[in-house]
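Right, one structure below, let's go through it.
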Amino acid sequence: MGDEYQVVVVAGGSSKDLFPLVSKDVPKALLPIGNRPLLSYVLDLLEDSNLNNVSVVVAGHESGVRVGSWIAEAYHDRLQVEVSTVSEESGTADALRSVAHRLSSENVLVVSGDMVCDVPLGAIASSHKRQRAGLTALLCPRTPGEGCEASAGGVGTKEKAKQLAAADVIGLDSARHRLLYVASGSQLGKEVKVPLCLMREAGQVELHTDLLDAHLYAFNRELMLEALERNEKFKSIKRDLVPHIVRSQLKHGRVEGTLSCSAYVAGKARYCARVNTIEAYGDINRDVAGDAIYLTGYTVSGMNNVIHPSAQTGAKTAIGPQCIIGEGSELGEKCSVKRSVVGRHCRIGSNVKVINSVVMNHVTLEDGCLVQNSVICSNVYLQERVTLKDCQVGCGYVIGVGAEHRSEALAKKEKMPINYQFLQ
Amino acid sequence: MAAQRAGRRGQEMADDEAHTPLQAILLADSFTQRFRPITMERPKVLLPLVGVPMIDYTLEWLASAGIEEVFVFCCAHAKQVTSYLKTSRWKSQPNFKLTCIQSDDCVSAGDALRSIDQRNVVLCSSKVLGDFVLVSGDTVSNMPLKEVIQEHKARRTKDKLAVMTMVVKRCKPSPLTHQTRLGNEELVLAIDPATKQLLHYGAPNKQRQSILLDKNLLAGRQGVRLHLDMQDCHIDICSPEVLMLFTDNFDYQQMRRDFVRGLLSDEIMGNKVYTYEIFEDYATRIDNFRAYDVVSKDVLHRWTYPIVPEVSFSDSQATVNLDRCNKYREQGATVSRNALIGENTFLGQGTTIGSHSKIKNSVIGRGCKIGENVVVEGSYIWDNVTIADNVQVIQSIICDGVLVKAGARLEPGVVLSFKVTIGENFTVPQYSKISRVPEPTEQDSSDEELEYADSTGDDSGGRIYISANKVQVGQDGAGYRWFKDAVHDEEWKQSAAAISGEKIKELMAKQEQEEDDIQDVDVIPEEKLLSDEEESVDEDDNFEKEVEENFKRAVNGVKLENVVLEVNSLKLGYNKAFSDCAGAMFRAMLNLALETPHSTAAELLSTTKQVISKWSTLFRNFLKSEDDQIEVLLKFEELCLESASEFSPLFSKVVEELYDKDLVSEEAVMSWASEKAGAEEADKVFLRQCESFIKWLNEAEEEESEED
């Protein structure tokens, strides 16, 4: 497998969508998910599938250096990884272009670096090869709550339209093998527009809004590079390149003798999610600490939680199920941690409640703090009796005694990241 | 079930819940001209299909599918249809009631259903009672109806708005000709796979080479199935509401173009259409010559089993023998020993075939005389036709009483209507249609889609057209060639002739061309969005203008209530809020003040004050809440910056006036001020102007609270 496939991981930079979680110091790829860097999930998955030839493209030089040194340390004897950087403003298609000269295999697997999933990549790669497809895309059934099924009854038309804008519209043939239409809901004008010739060939198209484009594609290298070369204005893989290839698939089919565009629909039991919003970041951390704990490789205790042996807990402190406590963290007395992830070397006082939250590394929570539905980045200092609900606190932020915040993003003043387009 | 029926029928039905007969409406008129010139002389439903009138196929199917009562709606050639049915066996069939309804003034299916609805109101017995099957008299099918009717009724008990279920079947159009084997154009259906609800019915957008589907259809659904490979069988299970919907919407003419699309696009009523897909069963409508050809072959190939020639379902007494290779021969057909009868043929009673003649893939009716050395291939020859020696008939349709003289040649796609005579050694060019009735010259625009509805019946038999054009039908021939349809070169699409090799080559070349042309017809959403925006801006403008018009009418003495009513209806029409009305109304008032001649700002202020005080009663109707009042202030500000800059120095004065007249409350002014406090400096001009007024308001409030 290794020789036939090269892998490009588009790892992003400091995406604006995840402000204030990411910054120059913590690029998106290194955000902790269940106390492991985000990118490690994709790289481990590649390693499992024996896809060893990997290029990682990071946006922004500083981010690139950080990601590079981390990979060099963590994967030096496991994967053959080359890390390169593109400018902050680059789109995902630019990232692909930047490594084009390095690609030589027949097929290329392009993976988004913010994916956390357990779909066997080898299966996708071989399905792509077997069908001699020009493009194979991984599609996942949307998890409930994220899509329409959760609130199907009695929602207003506006609400429905909003949901649609957040969804992908994906057209498949009735056997769900062939990919005939791709658009993201926000990209749609008034109408869904399917090319007539494609429709004539296929006869029928099932337009799905219950599938998620996982941003994992297997491309025929020549086809991909030609499309990129011909259309210089393509910025994004998902928004420009893939729809283009899908739209003009008949043409490729005839010239290349390849089948066309195919879809790999993951089974319902598979886990697949992308860290592309703050909300998703919280959800995925909870999933990884809970039902999807197998992704992390941790050993679960009898209490259905993971507490590092070096972590210390005070008297009457309760750590509930579906929690992860990192190395060297200390918790005082009478604390309660529920459905949360606490990072390494955190110092948590007494009478602290952490519920449904993510606490990264080296965070100090003084006595009597309450943290609920929030994300607290590294080196944050919360003084006594701080209450946070639905907040995100950026790196190194300090919150004074007794403060109360609700639904806020708190961060040190810093130049806002300008990278809007990356990973869209 | 009775409870569901509409009120006016509900009462009589209440005590008769036990059994509702399964009913069907059969339209014995297709309201099209596709079968001209044949239908000039005989209604389409009586045209023979493998020796049996089409209507018998439909009735046989309805009877066998358990329908108990059929209303046959006759329009064109109504007398011929009714007199045929009167003597037919359907009249004496047990458990099967046949009612003929005649009408002369219907020009469309819509008219027909409206007149049935009217008749329903008048009559007490023998009328449409509940859900019914709506078919046309040219339907050939063997599908069972019980299941689809049950499904329809079950859906109706849950959802009263599910008014219709239509039957569809897979049928992929040819990639070359872009039409189905029945000669129908491409049809785009969008169906919700979960509920089978029909969401879209229409043709693809040929100009943009794409299929466009309103994206809102996807909203709130997990998916939508888009079909280009479905054939509409034109078999509908309808609720009684369908009749009423036709009556209510008197402009609905055609079942599909108007009614179905009307229902789909009408979101207010919320009526829904569902689909029912059949897989094994046969169901189709014959609405052009190609379909006639295809269905005839399907009957010969026994796809319509049990409705096949050797099973007697018509009035003909003759027994049919079936040989292998689908050779059907009625008793009493005489074939010369030297004649060659090929596969897929039907020979009627009393027909004689001369020696050395070759018949293949064809139907020959009763009482025909086929001479020697005749070649008949892929053709349909009806009754009492005489074909002399050495004639070639290829892929043609020949009606009753035609005489083709020796040595003549009919090229593919020819249609010879009743009693035409083709002269000796004459070659009839392809796709020609020849009739004894001359082609109507004047285009009657009103009944463009109507079969020729002659009330006189068939009287053309007696006369002989000696004047028939010899160039068109040959020496001693008789008949006129019809040119009307020949004008457009789409003729090949719907004739009985096979598509010629050249045409196929041409189409293939065209297709390759097209495929190469698929450049990136990339979506240019920006442009589109822009135009959308413009549209909405226009709408805003229109709305304000109309409100102003109404205000002027109030100034001119129209009663206030009427004006309020008008503006309220505008509000609904443009989907606006009260605040928009208030804003627009205020603008109209300012414009009125501006129009009054004035020289100084002070004068303008005084006229403005007059206007405000005079129309405050009207204005107050639209100031329902604080939000509306804030909107007025915002609107005023906007106007001062743009069109009515003369007011800008008077801003605070006018606001004070509005406050004095109790049109704008203190809270509204304060929240406007606080909203503006965060704005950019440039936007604060008017806020600063009002500073003293606001300060005064604040103080007043404090005093008040102190007093408390």
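Letters A, B, ... go to the chains of the structure tokens in the order shown; residues in each chain start at 1; ligands are counted from 1 in the same order.
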
At most 6 Å to chain B: residues in chain A, only C-alpha atoms, as a ChimeraX atom specification: /A:160-161,164,189-196,203-210

Atoms kept (C-alpha atoms) for selection, written as a CSV table (one decimal), in the first residue's frame:
```csv
chain,number,residue,atom,x,y,z
A,160,LYS,CA,-34.6,24.5,8.6
A,161,ALA,CA,-32.9,26.7,6.2
A,164,LEU,CA,-29.4,23.2,5.6
A,189,GLY,CA,-27.6,29.6,-4.3
A,190,LYS,CA,-31.4,29.3,-4.6
A,191,GLU,CA,-31.2,26.1,-6.4
A,192,VAL,CA,-29.4,22.8,-6.4
A,193,LYS,CA,-28.0,22.4,-9.8
A,194,VAL,CA,-27.2,19.0,-11.2
A,195,PRO,CA,-25.7,18.8,-14.7
A,196,LEU,CA,-28.1,17.3,-17.1
A,203,GLY,CA,-30.9,8.3,-14.2
A,204,GLN,CA,-31.4,9.2,-10.6
A,205,VAL,CA,-29.6,10.9,-7.9
A,206,GLU,CA,-30.2,10.8,-4.2
A,207,LEU,CA,-29.5,14.1,-2.6
A,208,HIS,CA,-28.5,13.6,1.0
A,209,THR,CA,-28.3,16.1,3.7
A,210,ASP,CA,-27.7,13.5,6.3
```

Long-range neighbours of Ser265 of chain B as a PyMOL selection string, 9 Å cut-off, only C-alpha atoms, 3 positions minimum in chain: chain B and resi 199-200+260-262

Next, the residues of the selection above should be written as a compact mmCIF listing (two decimals), in the first residue's frame with all heavy atoms.
```
# COMPACT_ATOMS: atom_id res chain seq x y z
N LEU B 199 -42.05 16.13 -4.75
CA LEU B 199 -41.63 17.49 -4.41
C LEU B 199 -41.45 18.37 -5.63
O LEU B 199 -41.53 19.58 -5.56
CB LEU B 199 -40.31 17.44 -3.64
CG LEU B 199 -40.33 16.59 -2.38
CD1 LEU B 199 -38.93 16.44 -1.84
CD2 LEU B 199 -41.23 17.21 -1.34
N HIS B 200 -41.18 17.73 -6.74
CA HIS B 200 -40.94 18.53 -7.93
C HIS B 200 -41.37 17.73 -9.14
O HIS B 200 -41.18 16.52 -9.19
CB HIS B 200 -39.45 18.89 -8.00
CG HIS B 200 -39.07 19.65 -9.24
ND1 HIS B 200 -39.22 21.02 -9.31
CD2 HIS B 200 -38.57 19.25 -10.42
CE1 HIS B 200 -38.81 21.42 -10.52
NE2 HIS B 200 -38.41 20.38 -11.20
N VAL B 260 -50.78 19.59 -10.89
CA VAL B 260 -49.72 19.04 -10.04
C VAL B 260 -48.72 20.13 -9.69
O VAL B 260 -48.35 20.31 -8.53
CB VAL B 260 -49.03 17.86 -10.75
CG1 VAL B 260 -47.79 17.44 -9.99
CG2 VAL B 260 -49.99 16.69 -10.85
N ARG B 261 -48.30 20.89 -10.67
CA ARG B 261 -47.33 21.93 -10.37
C ARG B 261 -47.93 23.01 -9.49
O ARG B 261 -47.25 23.58 -8.65
CB ARG B 261 -46.81 22.54 -11.65
CG ARG B 261 -45.91 21.58 -12.36
CD ARG B 261 -45.03 22.31 -13.32
NE ARG B 261 -44.63 21.40 -14.36
CZ ARG B 261 -44.11 21.80 -15.50
NH1 ARG B 261 -43.98 23.09 -15.74
NH2 ARG B 261 -43.75 20.92 -16.39
N GLY B 262 -49.21 23.25 -9.71
CA GLY B 262 -49.88 24.23 -8.85
C GLY B 262 -49.86 23.79 -7.40
O GLY B 262 -49.55 24.56 -6.51
```

Expected answer as a PyMOL selection string: strand (DSSP E or B) residues in segment 323-406 of chain B: chain B and resi 323+327-330+334-335+340-341+345-347+352-353+358-360+363-364+369-370+375-377+380-381+386-387+392-394+397-398+403-404

Excluding segment 280-290 of chain A and any residue of its chain fewer than 4 positions from it, enumerate the residues within 8 Å of it, using only C-alpha atoms, and give them as a PDB file with N, CA and C atoms, in the first residue's frame.
```
ATOM      1  N   ILE A  33      -6.788  16.897  22.315  1.00  0.00           N
ATOM      2  CA  ILE A  33      -8.089  16.208  22.304  1.00  0.00           C
ATOM      3  C   ILE A  33      -7.880  14.998  23.195  1.00  0.00           C
ATOM      4  N   GLY A  34      -8.557  14.938  24.292  1.00  0.00           N
ATOM      5  CA  GLY A  34      -8.316  13.857  25.240  1.00  0.00           C
ATOM      6  C   GLY A  34      -6.854  13.799  25.620  1.00  0.00           C
ATOM      7  N   ALA A 273     -15.483  12.674  13.096  1.00  0.00           N
ATOM      8  CA  ALA A 273     -15.860  14.054  13.395  1.00  0.00           C
ATOM      9  C   ALA A 273     -14.694  14.958  13.053  1.00  0.00           C
ATOM     10  N   ARG A 274     -14.996  16.215  12.897  1.00  0.00           N
ATOM     11  CA  ARG A 274     -13.941  17.172  12.598  1.00  0.00           C
ATOM     12  C   ARG A 274     -13.974  18.288  13.626  1.00  0.00           C
ATOM     13  N   VAL A 275     -12.785  18.697  14.033  1.00  0.00           N
ATOM     14  CA  VAL A 275     -12.684  19.782  14.991  1.00  0.00           C
ATOM     15  C   VAL A 275     -12.651  21.077  14.190  1.00  0.00           C
ATOM     16  N   ASN A 276     -13.818  21.575  13.843  1.00  0.00           N
ATOM     17  CA  ASN A 276     -13.811  22.800  13.064  1.00  0.00           C
ATOM     18  C   ASN A 276     -14.583  23.943  13.722  1.00  0.00           C
ATOM     19  N   TYR A 294     -11.689   4.388  22.984  1.00  0.00           N
ATOM     20  CA  TYR A 294     -10.739   3.483  22.315  1.00  0.00           C
ATOM     21  C   TYR A 294      -9.821   4.212  21.340  1.00  0.00           C
ATOM     22  N   LEU A 295     -10.267   5.389  20.875  1.00  0.00           N
ATOM     23  CA  LEU A 295      -9.440   6.138  19.933  1.00  0.00           C
ATOM     24  C   LEU A 295      -8.152   6.630  20.589  1.00  0.00           C
ATOM     25  N   THR A 296      -8.213   6.859  21.902  1.00  0.00           N
ATOM     26  CA  THR A 296      -7.065   7.443  22.569  1.00  0.00           C
ATOM     27  C   THR A 296      -6.023   6.403  22.938  1.00  0.00           C
ATOM     28  N   ASN A 305     -13.288   5.748  33.789  1.00  0.00           N
ATOM     29  CA  ASN A 305     -12.576   6.992  33.531  1.00  0.00           C
ATOM     30  C   ASN A 305     -11.081   6.713  33.472  1.00  0.00           C
ATOM     31  N   PRO A 321     -17.511   9.154  35.843  1.00  0.00           N
ATOM     32  CA  PRO A 321     -17.172   8.397  34.643  1.00  0.00           C
ATOM     33  C   PRO A 321     -16.964   9.345  33.464  1.00  0.00           C
ATOM     34  N   GLN A 322     -16.332   8.837  32.434  1.00  0.00           N
ATOM     35  CA  GLN A 322     -16.095   9.577  31.198  1.00  0.00           C
ATOM     36  C   GLN A 322     -15.277  10.830  31.457  1.00  0.00           C
ATOM     37  N   CYS A 323     -14.230  10.681  32.277  1.00  0.00           N
ATOM     38  CA  CYS A 323     -13.323  11.797  32.516  1.00  0.00           C
ATOM     39  C   CYS A 323     -11.908  11.339  32.228  1.00  0.00           C
ATOM     40  N   ILE A 324     -11.064  12.287  31.872  1.00  0.00           N
ATOM     41  CA  ILE A 324      -9.646  11.988  31.720  1.00  0.00           C
ATOM     42  C   ILE A 324      -8.889  13.005  32.569  1.00  0.00           C
ATOM     43  N   ARG A 339     -17.673  14.398  33.342  1.00  0.00           N
ATOM     44  CA  ARG A 339     -17.618  14.428  31.872  1.00  0.00           C
ATOM     45  C   ARG A 339     -16.652  15.497  31.361  1.00  0.00           C
ATOM     46  N   SER A 340     -15.430  15.499  31.896  1.00  0.00           N
ATOM     47  CA  SER A 340     -14.479  16.533  31.512  1.00  0.00           C
ATOM     48  C   SER A 340     -13.113  15.930  31.273  1.00  0.00           C
ATOM     49  N   VAL A 341     -12.282  16.710  30.593  1.00  0.00           N
ATOM     50  CA  VAL A 341     -10.904  16.314  30.366  1.00  0.00           C
ATOM     51  C   VAL A 341     -10.019  17.334  31.062  1.00  0.00           C
ATOM     52  N   ASN A 356     -18.509  19.025  32.237  1.00  0.00           N
ATOM     53  CA  ASN A 356     -18.659  19.138  30.785  1.00  0.00           C
ATOM     54  C   ASN A 356     -17.632  20.074  30.158  1.00  0.00           C
ATOM     55  N   SER A 357     -16.429  20.057  30.640  1.00  0.00           N
ATOM     56  CA  SER A 357     -15.462  21.057  30.187  1.00  0.00           C
ATOM     57  C   SER A 357     -14.156  20.414  29.775  1.00  0.00           C
ATOM     58  N   VAL A 358     -13.319  21.233  29.154  1.00  0.00           N
ATOM     59  CA  VAL A 358     -11.979  20.808  28.811  1.00  0.00           C
ATOM     60  C   VAL A 358     -11.016  21.763  29.503  1.00  0.00           C
ATOM     61  N   ASN A 373     -19.351  23.644  30.960  1.00  0.00           N
ATOM     62  CA  ASN A 373     -19.457  23.787  29.500  1.00  0.00           C
ATOM     63  C   ASN A 373     -18.424  24.739  28.928  1.00  0.00           C
ATOM     64  N   SER A 374     -17.229  24.698  29.444  1.00  0.00           N
ATOM     65  CA  SER A 374     -16.236  25.675  29.016  1.00  0.00           C
ATOM     66  C   SER A 374     -14.965  24.985  28.560  1.00  0.00           C
ATOM     67  N   VAL A 375     -14.119  25.780  27.907  1.00  0.00           N
ATOM     68  CA  VAL A 375     -12.818  25.294  27.494  1.00  0.00           C
ATOM     69  C   VAL A 375     -11.787  26.247  28.087  1.00  0.00           C
TER      70      VAL A 375
END
```

Contacts of segment 102-110 of chain B within 10 Å, only C-alpha atoms, excl. fewer than 2 positions in-chain, as a ChimeraX atom specification: /B:27-32,72-79,81-82,99-100,112-116,136,243,245-247,249-256,258-259,446-451,453-455

Store the residues picked out above, limited to N, CA and C atoms, as a CSV table (one decimal), in the first residue's frame.
```csv
chain,number,residue,atom,x,y,z
B,27,LEU,N,-61.3,9.6,-18.6
B,27,LEU,CA,-61.5,10.7,-19.6
B,27,LEU,C,-61.3,10.1,-21.0
B,28,ALA,N,-62.4,10.2,-21.7
B,28,ALA,CA,-62.4,9.6,-23.0
B,28,ALA,C,-62.0,10.6,-24.1
B,29,ASP,N,-61.1,11.4,-23.7
B,29,ASP,CA,-60.6,12.5,-24.6
B,29,ASP,C,-59.2,12.9,-24.0
B,30,SER,N,-58.2,12.9,-24.9
B,30,SER,CA,-56.9,13.2,-24.3
B,30,SER,C,-56.7,14.7,-24.4
B,31,PHE,N,-57.6,15.5,-25.0
B,31,PHE,CA,-57.4,16.9,-25.1
B,31,PHE,C,-56.1,17.3,-25.8
B,32,THR,N,-55.6,16.5,-26.7
B,32,THR,CA,-54.4,16.9,-27.4
B,32,THR,C,-54.7,16.6,-28.9
B,72,VAL,N,-67.5,7.6,-17.5
B,72,VAL,CA,-66.7,7.9,-18.7
B,72,VAL,C,-67.1,9.3,-19.2
B,73,PHE,N,-66.1,10.1,-19.2
B,73,PHE,CA,-66.3,11.5,-19.6
B,73,PHE,C,-66.0,11.6,-21.1
B,74,CYS,N,-67.1,11.9,-21.9
B,74,CYS,CA,-66.9,12.0,-23.3
B,74,CYS,C,-66.9,13.5,-23.7
B,75,CYS,N,-66.1,13.8,-24.7
B,75,CYS,CA,-66.1,15.2,-25.1
B,75,CYS,C,-66.0,15.2,-26.6
B,76,ALA,N,-64.8,15.0,-27.2
B,76,ALA,CA,-64.7,14.9,-28.6
B,76,ALA,C,-65.4,13.7,-29.2
B,77,HIS,N,-66.2,13.8,-30.2
B,77,HIS,CA,-66.9,12.7,-30.8
B,77,HIS,C,-67.7,11.9,-29.7
B,78,ALA,N,-68.3,12.7,-28.8
B,78,ALA,CA,-69.0,12.1,-27.7
B,78,ALA,C,-70.0,11.0,-28.1
B,79,LYS,N,-70.7,11.3,-29.2
B,79,LYS,CA,-71.8,10.4,-29.6
B,79,LYS,C,-71.2,9.0,-30.0
B,81,VAL,N,-68.5,7.7,-28.9
B,81,VAL,CA,-68.1,6.9,-27.7
B,81,VAL,C,-69.3,6.3,-27.0
B,82,THR,N,-70.3,7.2,-26.8
B,82,THR,CA,-71.5,6.7,-26.0
B,82,THR,C,-72.2,5.6,-26.8
B,99,THR,N,-71.2,4.7,-16.4
B,99,THR,CA,-72.0,5.9,-16.6
B,99,THR,C,-71.3,6.9,-17.6
B,100,CYS,N,-72.0,7.2,-18.6
B,100,CYS,CA,-71.4,8.2,-19.5
B,100,CYS,C,-71.8,9.6,-19.2
B,112,ALA,N,-63.2,19.2,-17.7
B,112,ALA,CA,-63.9,17.9,-17.5
B,112,ALA,C,-64.1,17.7,-16.0
B,113,LEU,N,-63.1,17.9,-15.2
B,113,LEU,CA,-63.2,17.6,-13.8
B,113,LEU,C,-64.1,18.6,-13.1
B,114,ARG,N,-64.0,19.9,-13.6
B,114,ARG,CA,-65.0,20.9,-13.1
B,114,ARG,C,-66.4,20.5,-13.4
B,115,SER,N,-66.7,20.0,-14.6
B,115,SER,CA,-68.1,19.8,-14.9
B,115,SER,C,-68.5,18.5,-14.1
B,116,ILE,N,-67.6,17.6,-13.8
B,116,ILE,CA,-68.0,16.5,-13.0
B,116,ILE,C,-68.3,16.9,-11.6
B,136,SER,N,-57.0,8.1,-18.2
B,136,SER,CA,-57.5,8.5,-19.5
B,136,SER,C,-57.8,7.3,-20.3
B,243,LEU,N,-61.4,17.3,-7.1
B,243,LEU,CA,-62.5,18.0,-8.0
B,243,LEU,C,-62.7,19.4,-7.5
B,245,LEU,N,-60.6,21.3,-5.9
B,245,LEU,CA,-59.5,22.2,-6.2
B,245,LEU,C,-59.6,22.7,-7.7
B,246,PHE,N,-60.1,21.8,-8.5
B,246,PHE,CA,-60.2,22.2,-9.9
B,246,PHE,C,-61.3,23.3,-10.0
B,247,THR,N,-62.3,23.1,-9.3
B,247,THR,CA,-63.4,24.2,-9.3
B,247,THR,C,-62.9,25.5,-8.7
B,249,ASN,N,-59.8,26.6,-8.6
B,249,ASN,CA,-58.8,27.2,-9.4
B,249,ASN,C,-59.2,27.0,-10.9
B,250,PHE,N,-60.1,27.9,-11.4
B,250,PHE,CA,-60.7,27.7,-12.7
B,250,PHE,C,-59.7,27.8,-13.8
B,251,ASP,N,-58.5,28.3,-13.5
B,251,ASP,CA,-57.5,28.4,-14.6
B,251,ASP,C,-56.7,27.1,-14.7
B,252,TYR,N,-56.9,26.1,-13.8
B,252,TYR,CA,-56.2,24.8,-14.0
B,252,TYR,C,-56.7,24.2,-15.3
B,253,GLN,N,-55.9,23.9,-16.2
B,253,GLN,CA,-56.4,23.2,-17.4
B,253,GLN,C,-55.9,21.7,-17.4
B,254,GLN,N,-54.5,21.6,-17.5
B,254,GLN,CA,-54.0,20.3,-17.6
B,254,GLN,C,-53.7,19.7,-16.3
B,255,MET,N,-53.8,18.4,-16.2
B,255,MET,CA,-53.6,17.7,-15.0
B,255,MET,C,-52.2,17.9,-14.4
B,256,ARG,N,-51.2,17.8,-15.3
B,256,ARG,CA,-49.8,17.8,-14.9
B,256,ARG,C,-49.3,19.3,-14.8
B,258,ASP,N,-50.7,22.2,-14.9
B,258,ASP,CA,-51.3,23.2,-14.0
B,258,ASP,C,-51.6,22.6,-12.6
B,259,PHE,N,-52.2,21.5,-12.6
B,259,PHE,CA,-52.7,21.0,-11.3
B,259,PHE,C,-51.6,20.5,-10.4
B,446,SER,N,-57.8,29.2,-29.7
B,446,SER,CA,-58.5,28.8,-28.5
B,446,SER,C,-58.4,27.3,-28.2
B,447,ASP,N,-58.6,26.5,-29.2
B,447,ASP,CA,-58.6,25.1,-28.9
B,447,ASP,C,-57.3,24.4,-29.5
B,448,GLU,N,-56.3,25.0,-29.2
B,448,GLU,CA,-55.0,24.5,-29.8
B,448,GLU,C,-54.7,23.1,-29.3
B,449,GLU,N,-55.2,22.9,-28.1
B,449,GLU,CA,-54.8,21.6,-27.6
B,449,GLU,C,-56.1,20.6,-27.5
B,450,LEU,N,-56.9,20.8,-28.5
B,450,LEU,CA,-58.2,20.1,-28.4
B,450,LEU,C,-58.3,19.2,-29.6
B,451,GLU,N,-58.8,18.0,-29.4
B,451,GLU,CA,-59.1,17.2,-30.5
B,451,GLU,C,-60.3,17.8,-31.2
B,453,ALA,N,-63.5,18.6,-32.2
B,453,ALA,CA,-64.8,18.2,-31.5
B,453,ALA,C,-66.0,18.4,-32.5
B,454,ASP,N,-66.2,17.5,-33.4
B,454,ASP,CA,-67.3,17.7,-34.3
B,454,ASP,C,-68.5,17.1,-33.7
B,455,SER,N,-69.6,17.8,-33.8
B,455,SER,CA,-70.8,17.3,-33.2
B,455,SER,C,-71.6,16.6,-34.2
```

Surrounding residues of Leu365 of chain A excluding itself and chain neighbours under 5 positions, 6 Å, only C-alpha atoms, as a ChimeraX atom specification: /A:348-349,382

Within 7 Å of segment 248-250 of chain A, counting only C-alpha atoms, which residues show up once you throw out same-chain ones fewer than 6 positions away? Write them as a PDB file with all heavy atoms, in the first residue's frame, please.
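Result file follows (selection_29.pdb):
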```pdb
ATOM      1  N   LEU A 198     -24.957  14.421 -16.641  1.00  0.00           N
ATOM      2  CA  LEU A 198     -24.644  13.490 -15.563  1.00  0.00           C
ATOM      3  C   LEU A 198     -25.918  12.774 -15.127  1.00  0.00           C
ATOM      4  O   LEU A 198     -25.939  11.580 -14.860  1.00  0.00           O
ATOM      5  CB  LEU A 198     -24.072  14.293 -14.393  1.00  0.00           C
ATOM      6  CG  LEU A 198     -23.196  13.554 -13.420  1.00  0.00           C
ATOM      7  CD1 LEU A 198     -22.093  12.856 -14.168  1.00  0.00           C
ATOM      8  CD2 LEU A 198     -22.611  14.531 -12.430  1.00  0.00           C
ATOM      9  N   SER A 260     -15.027   7.020 -12.321  1.00  0.00           N
ATOM     10  CA  SER A 260     -15.655   8.322 -12.132  1.00  0.00           C
ATOM     11  C   SER A 260     -15.365   8.731 -10.715  1.00  0.00           C
ATOM     12  O   SER A 260     -14.286   8.504 -10.216  1.00  0.00           O
ATOM     13  CB  SER A 260     -17.165   8.237 -12.350  1.00  0.00           C
ATOM     14  OG  SER A 260     -17.687   7.233 -11.526  1.00  0.00           O
ATOM     15  N   CYS A 261     -16.352   9.301 -10.094  1.00  0.00           N
ATOM     16  CA  CYS A 261     -16.167   9.700  -8.713  1.00  0.00           C
ATOM     17  C   CYS A 261     -16.931   8.713  -7.848  1.00  0.00           C
ATOM     18  O   CYS A 261     -18.091   8.436  -8.106  1.00  0.00           O
ATOM     19  CB  CYS A 261     -16.732  11.092  -8.507  1.00  0.00           C
ATOM     20  SG  CYS A 261     -15.882  12.268  -9.541  1.00  0.00           S
TER      21      CYS A 261
END
```

Contact check, segment 316-420 of chain A to segment 18-24 of chain A, at most 8 Å, counting only C-alpha atoms, closest pairs as CSV:
```
residue,atom,partner,partner_atom,distance
A:Val375,CA,A:Leu21,CA,7.9
A:Cys377,CA,A:Leu21,CA,6.4
A:Gln392,CA,A:Pro20,CA,6.8
A:Val393,CA,A:Pro20,CA,6.8
A:Gly394,CA,A:Pro20,CA,5.0
A:Cys395,CA,A:Leu21,CA,7.4
A:Ala409,CA,A:Pro20,CA,6.7
A:Leu410,CA,A:Pro20,CA,7.2
A:Ala411,CA,A:Pro20,CA,6.2
A:Pro417,CA,A:Ser23,CA,7.6
```

Those residues with N, CA and C atoms, as a compact mmCIF listing (two decimals), in the first residue's frame please?
```
# COMPACT_ATOMS: atom_id res chain seq x y z
N VAL A 375 -14.12 25.78 27.91
CA VAL A 375 -12.82 25.29 27.49
C VAL A 375 -11.79 26.25 28.09
N CYS A 377 -7.78 27.07 28.25
CA CYS A 377 -6.53 26.74 27.60
C CYS A 377 -5.39 26.71 28.61
N GLN A 392 -14.93 30.32 26.73
CA GLN A 392 -13.65 29.83 26.26
C GLN A 392 -12.60 30.81 26.75
N VAL A 393 -11.57 30.27 27.39
CA VAL A 393 -10.54 31.13 27.94
C VAL A 393 -9.24 30.84 27.24
N GLY A 394 -8.64 31.85 26.63
CA GLY A 394 -7.41 31.68 25.85
C GLY A 394 -6.20 31.50 26.75
N CYS A 395 -5.07 31.14 26.12
CA CYS A 395 -3.85 30.81 26.83
C CYS A 395 -3.40 31.94 27.76
N ALA A 409 -15.89 34.68 25.19
CA ALA A 409 -14.58 34.21 24.77
C ALA A 409 -13.57 35.17 25.38
N LEU A 410 -12.75 34.66 26.29
CA LEU A 410 -11.82 35.53 26.99
C LEU A 410 -10.42 35.21 26.51
N ALA A 411 -9.65 36.24 26.13
CA ALA A 411 -8.29 36.00 25.67
C ALA A 411 -7.47 37.24 25.85
N PRO A 417 -5.89 36.29 14.44
CA PRO A 417 -5.41 35.53 13.29
C PRO A 417 -6.21 35.91 12.05
```
